[in-house]
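Accompanying notes for the structure given below.
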Amino acid sequence: PTRIMGAISSDGETLPTLSAKNDHLGVLRHIRLHKLREPKMVITHGKSFLGTALSTTPKPSILTVVSSILGWSMDESEKLSVLEQMIVASIDVNDLTLADQCLETLKNCLQHHDGDAPLLDTSVRFRRLLGLIYEARGDYDSANTLYEELLTENPSNSYVYKRKFCIARVQSTNEVHMRDALNEYLENNLGDATAWLEMSKLSLSIGDYRGAAYCYEELVLCNPLDADLHCRLGEIYSTLGGVENLRLARKHLSQSLVLSPAEGNLRAVFGLISAAETFLEEVDSKGKKHVEEEEIEVVNELLKFGSEHLTKIYKGTAMSAVVAKVVG
């Protein structure tokens with residue numbers, strides 16, 4: 001996005017400025033710092049920065065080669081970070097040849113650093129990258145085996161649980177199996193809004209509206225000022241039906257309209273009208289002894305509010321007749 005691309009780096013320069021200056025290391029650092037997804041830019045500047053150090057052939061001293069050819073000084077951790085960026089970016093654009101080349105260069109660095117390379121067997125970051133390459137190749141069994149090893153070492157490794165869910169999603173058409181895999185991840189990452197959104201979609205796909213409502217309640221806790229979340233939660237409660245659920249539907253649809261005015265939030269207006277009408281029907285069918293008159297008056301006012309706004313918005317349009325039937 002333009003707004004993020006124009007973010008200021010620690011030395012006061014934007015990404016386009018760094019790129020125009022051919023400050024390859026500055027561009028790569030900026031992308032890492034702001035967590036941007038710019039795989040083509042990473043590959044372009046990464047290749048320029050690494051130069052001949054990017055090779056599958058073991059070298060006696062990679063850092064010396066880079067410094068002498070490019071004229072830059074670079075500590076080993078910086079080089080490893082750039083190689084890590086390059087691997088992820090290569091997978092992102094499906095250039096597995098380049099990903100393998102970067103992984104081999106990374107392996108050479110670790111071997112040069114640690115003699116017989118025990119670091120390759122113990123480095124979590126290296127094995128995570130290896131797992132991503134397995135996934136990109138479609139070798140899910142090897143990826144799962146590797147991830148199970150990482151979980152044995154650290155049972156709370158949330159990254160691994162997320163990768164296992166991604167594999168389950170690719171391999172399986174069984175939504176229940178996918179939900180189980182995602183649930184393992186959520187047990188240790190309750191604040192991950194993206195995961196809750198994914199869980200809500202899986203719940204809706206198998207008709208588990210109560211489960212979906214729970215997911216959206218968590219999403220609303222993560223972002224209480226999101227009108228769309230309130231609207232969708234209200235729709236789910238309305239679908240569940242029953243007096244209590246319709247009360248909750250009315251509450252969230254009304255909140256959605258508070259956060260986003262009716263003119264730009266027609267979905268919530270239609271939802272509110274539907275929830276209000278269904279609530280009144282439920283009350284009439286089951287009797288009014290459990291519902292106060294004041295609440296019925298409030299529902300009628302909300303119904304009137306929604307009807308008036310829809311009539312006003314669609315007045316003079318081709319949809320006016322259809323809307324008149326809906327609110328009539």
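Order determines the names: the first chain of the structure tokens is A, the second B, and so forth; residues in each chain are numbered 1 upward, and ligands are numbered 1 upward as they are shown.
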
Closest-contact table, segment 234-254 of chain A side, partner segment 187-205 of chain A, 12 Å, counting only C-alpha atoms, as a tab-separated table:
```
residue	atom	partner	partner_atom	distance
A:Glu235	CA	A:Leu204	CA	11.9
A:Ile236	CA	A:Leu204	CA	9.2
A:Thr239	CA	A:Leu204	CA	11.2
A:Leu240	CA	A:Leu204	CA	11.8
```

- Near Pro224 of chain A, within 10 Å and counting only C-alpha atoms, which residues show up once chain neighbours fewer than 4 positions away are dropped, as a list in words? Glu217, Glu218, Leu219, Val220, Leu229, His230, Gln255, Ser256 and Leu259 of chain A

- Would you work out the distance separating atom CA of Ser142 of chain A from atom CA of Asn183 of chain A, expressed in Å to one decimal?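 The value is 22.3 Å.
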
- For atom CA of Cys166 of chain A and atom CA of Arg127 of chain A, quote the distance in Å rounded to one decimal.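 Computing it gives 16.8 Å between the two atoms.
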
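The smallest atom-to-atom distance between Ile43 of chain A and any of A:Val291, A:Leu80, A:Cys102, A:Leu248, using only C-alpha atoms, is found for A:Cys102.
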
- Item | All alpha helix (DSSP H) positions in segment 115-230 of chain A, as a PyMOL selection string | chain A and resi 118-122+124-137+140-153+158-171+175-186+193-205+209-222+227-230

Could you give me, as CSV, a per-residue list for segment 73-182 of chain A showing, wherever an atom lies at most 12 Å from an atom of segment 24-35 of chain A, the closest pair of atoms and their distance in Å to one decimal, using only C-alpha atoms and sorting by chain then residue number from low to high?
```
residue,atom,partner,partner_atom,distance
A:Ser73,CA,A:Leu25,CA,10.9
A:Met74,CA,A:Leu25,CA,9.6
A:Glu78,CA,A:Leu25,CA,9.1
A:Lys79,CA,A:Leu25,CA,9.8
A:Ser81,CA,A:Arg32,CA,9.0
A:Val82,CA,A:Leu28,CA,7.1
A:Leu83,CA,A:Leu28,CA,10.5
A:Glu84,CA,A:Arg32,CA,10.5
A:Gln85,CA,A:Arg32,CA,8.0
A:Met86,CA,A:Leu28,CA,9.6
A:Val88,CA,A:Arg32,CA,11.7
A:Ala89,CA,A:Ile31,CA,11.4
```

Just all heavy atoms for this one: save the residues we selected as a PDB file, in the first residue's frame.
```pdb
ATOM      1  N   SER A  73      30.863  -3.497   4.274  1.00  0.00           N
ATOM      2  CA  SER A  73      31.131  -4.356   5.425  1.00  0.00           C
ATOM      3  C   SER A  73      29.787  -4.876   5.913  1.00  0.00           C
ATOM      4  O   SER A  73      28.814  -4.159   5.929  1.00  0.00           O
ATOM      5  CB  SER A  73      31.833  -3.563   6.539  1.00  0.00           C
ATOM      6  OG  SER A  73      31.015  -2.514   6.992  1.00  0.00           O
ATOM      7  N   MET A  74      29.739  -6.133   6.262  1.00  0.00           N
ATOM      8  CA  MET A  74      28.468  -6.726   6.656  1.00  0.00           C
ATOM      9  C   MET A  74      28.740  -7.807   7.686  1.00  0.00           C
ATOM     10  O   MET A  74      29.531  -8.705   7.450  1.00  0.00           O
ATOM     11  CB  MET A  74      27.786  -7.327   5.419  1.00  0.00           C
ATOM     12  CG  MET A  74      26.571  -8.170   5.735  1.00  0.00           C
ATOM     13  SD  MET A  74      25.722  -8.722   4.230  1.00  0.00           S
ATOM     14  CE  MET A  74      27.064  -9.482   3.336  1.00  0.00           C
ATOM     15  N   GLU A  78      23.544  -9.949   9.622  1.00  0.00           N
ATOM     16  CA  GLU A  78      22.878  -9.185   8.562  1.00  0.00           C
ATOM     17  C   GLU A  78      22.742 -10.036   7.306  1.00  0.00           C
ATOM     18  O   GLU A  78      21.692 -10.050   6.648  1.00  0.00           O
ATOM     19  CB  GLU A  78      23.673  -7.918   8.253  1.00  0.00           C
ATOM     20  CG  GLU A  78      22.969  -6.974   7.292  1.00  0.00           C
ATOM     21  CD  GLU A  78      21.832  -6.220   7.944  1.00  0.00           C
ATOM     22  OE1 GLU A  78      22.082  -5.468   8.892  1.00  0.00           O
ATOM     23  OE2 GLU A  78      20.681  -6.407   7.480  1.00  0.00           O
ATOM     24  N   LYS A  79      23.783 -10.745   6.969  1.00  0.00           N
ATOM     25  CA  LYS A  79      23.752 -11.604   5.785  1.00  0.00           C
ATOM     26  C   LYS A  79      22.710 -12.710   5.944  1.00  0.00           C
ATOM     27  O   LYS A  79      21.946 -12.998   5.014  1.00  0.00           O
ATOM     28  CB  LYS A  79      25.119 -12.214   5.533  1.00  0.00           C
ATOM     29  CG  LYS A  79      25.100 -13.195   4.355  1.00  0.00           C
ATOM     30  CD  LYS A  79      26.458 -13.767   4.097  1.00  0.00           C
ATOM     31  CE  LYS A  79      26.406 -14.857   3.050  1.00  0.00           C
ATOM     32  NZ  LYS A  79      25.800 -14.444   1.801  1.00  0.00           N
ATOM     33  N   SER A  81      20.039 -12.605   7.742  1.00  0.00           N
ATOM     34  CA  SER A  81      18.708 -11.996   7.660  1.00  0.00           C
ATOM     35  C   SER A  81      18.301 -11.760   6.205  1.00  0.00           C
ATOM     36  O   SER A  81      17.147 -11.976   5.825  1.00  0.00           O
ATOM     37  CB  SER A  81      18.680 -10.671   8.427  1.00  0.00           C
ATOM     38  OG  SER A  81      18.877 -10.871   9.806  1.00  0.00           O
ATOM     39  N   VAL A  82      19.247 -11.301   5.387  1.00  0.00           N
ATOM     40  CA  VAL A  82      18.961 -11.057   3.974  1.00  0.00           C
ATOM     41  C   VAL A  82      18.654 -12.373   3.255  1.00  0.00           C
ATOM     42  O   VAL A  82      17.713 -12.452   2.456  1.00  0.00           O
ATOM     43  CB  VAL A  82      20.147 -10.334   3.295  1.00  0.00           C
ATOM     44  CG1 VAL A  82      19.939 -10.268   1.783  1.00  0.00           C
ATOM     45  CG2 VAL A  82      20.305  -8.935   3.869  1.00  0.00           C
ATOM     46  N   LEU A  83      19.422 -13.407   3.550  1.00  0.00           N
ATOM     47  CA  LEU A  83      19.167 -14.706   2.931  1.00  0.00           C
ATOM     48  C   LEU A  83      17.793 -15.246   3.338  1.00  0.00           C
ATOM     49  O   LEU A  83      17.071 -15.823   2.513  1.00  0.00           O
ATOM     50  CB  LEU A  83      20.261 -15.697   3.331  1.00  0.00           C
ATOM     51  CG  LEU A  83      21.605 -15.533   2.614  1.00  0.00           C
ATOM     52  CD1 LEU A  83      22.678 -16.368   3.296  1.00  0.00           C
ATOM     53  CD2 LEU A  83      21.483 -15.910   1.142  1.00  0.00           C
ATOM     54  N   GLU A  84      17.440 -15.037   4.588  1.00  0.00           N
ATOM     55  CA  GLU A  84      16.120 -15.465   5.065  1.00  0.00           C
ATOM     56  C   GLU A  84      15.012 -14.727   4.304  1.00  0.00           C
ATOM     57  O   GLU A  84      14.028 -15.328   3.868  1.00  0.00           O
ATOM     58  CB  GLU A  84      16.010 -15.197   6.568  1.00  0.00           C
ATOM     59  CG  GLU A  84      14.739 -15.723   7.192  1.00  0.00           C
ATOM     60  CD  GLU A  84      14.720 -15.520   8.696  1.00  0.00           C
ATOM     61  OE1 GLU A  84      15.483 -14.663   9.193  1.00  0.00           O
ATOM     62  OE2 GLU A  84      13.941 -16.203   9.373  1.00  0.00           O
ATOM     63  N   GLN A  85      15.193 -13.416   4.131  1.00  0.00           N
ATOM     64  CA  GLN A  85      14.240 -12.631   3.345  1.00  0.00           C
ATOM     65  C   GLN A  85      14.126 -13.160   1.921  1.00  0.00           C
ATOM     66  O   GLN A  85      13.027 -13.255   1.361  1.00  0.00           O
ATOM     67  CB  GLN A  85      14.688 -11.166   3.281  1.00  0.00           C
ATOM     68  CG  GLN A  85      14.159 -10.267   4.381  1.00  0.00           C
ATOM     69  CD  GLN A  85      14.603  -8.836   4.145  1.00  0.00           C
ATOM     70  OE1 GLN A  85      15.779  -8.510   4.329  1.00  0.00           O
ATOM     71  NE2 GLN A  85      13.670  -7.986   3.753  1.00  0.00           N
ATOM     72  N   MET A  86      15.274 -13.463   1.335  1.00  0.00           N
ATOM     73  CA  MET A  86      15.309 -13.933  -0.051  1.00  0.00           C
ATOM     74  C   MET A  86      14.571 -15.263  -0.212  1.00  0.00           C
ATOM     75  O   MET A  86      13.850 -15.476  -1.199  1.00  0.00           O
ATOM     76  CB  MET A  86      16.755 -14.091  -0.502  1.00  0.00           C
ATOM     77  CG  MET A  86      17.478 -12.785  -0.740  1.00  0.00           C
ATOM     78  SD  MET A  86      17.076 -12.097  -2.358  1.00  0.00           S
ATOM     79  CE  MET A  86      17.995 -13.213  -3.423  1.00  0.00           C
ATOM     80  N   VAL A  88      12.065 -16.493   1.650  1.00  0.00           N
ATOM     81  CA  VAL A  88      10.614 -16.278   1.773  1.00  0.00           C
ATOM     82  C   VAL A  88      10.064 -15.593   0.522  1.00  0.00           C
ATOM     83  O   VAL A  88       9.001 -15.952   0.006  1.00  0.00           O
ATOM     84  CB  VAL A  88      10.307 -15.455   3.036  1.00  0.00           C
ATOM     85  CG1 VAL A  88       8.821 -15.114   3.104  1.00  0.00           C
ATOM     86  CG2 VAL A  88      10.728 -16.213   4.295  1.00  0.00           C
ATOM     87  N   ALA A  89      10.806 -14.592   0.022  1.00  0.00           N
ATOM     88  CA  ALA A  89      10.362 -13.876  -1.179  1.00  0.00           C
ATOM     89  C   ALA A  89      10.348 -14.799  -2.398  1.00  0.00           C
ATOM     90  O   ALA A  89       9.436 -14.730  -3.229  1.00  0.00           O
ATOM     91  CB  ALA A  89      11.277 -12.679  -1.438  1.00  0.00           C
TER      92      ALA A  89
END
```

- Quick one, how far is atom CA of Asp139 of chain A from atom CA of Leu186 of chain A?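 Interatomic distance here is 25.0 Å.
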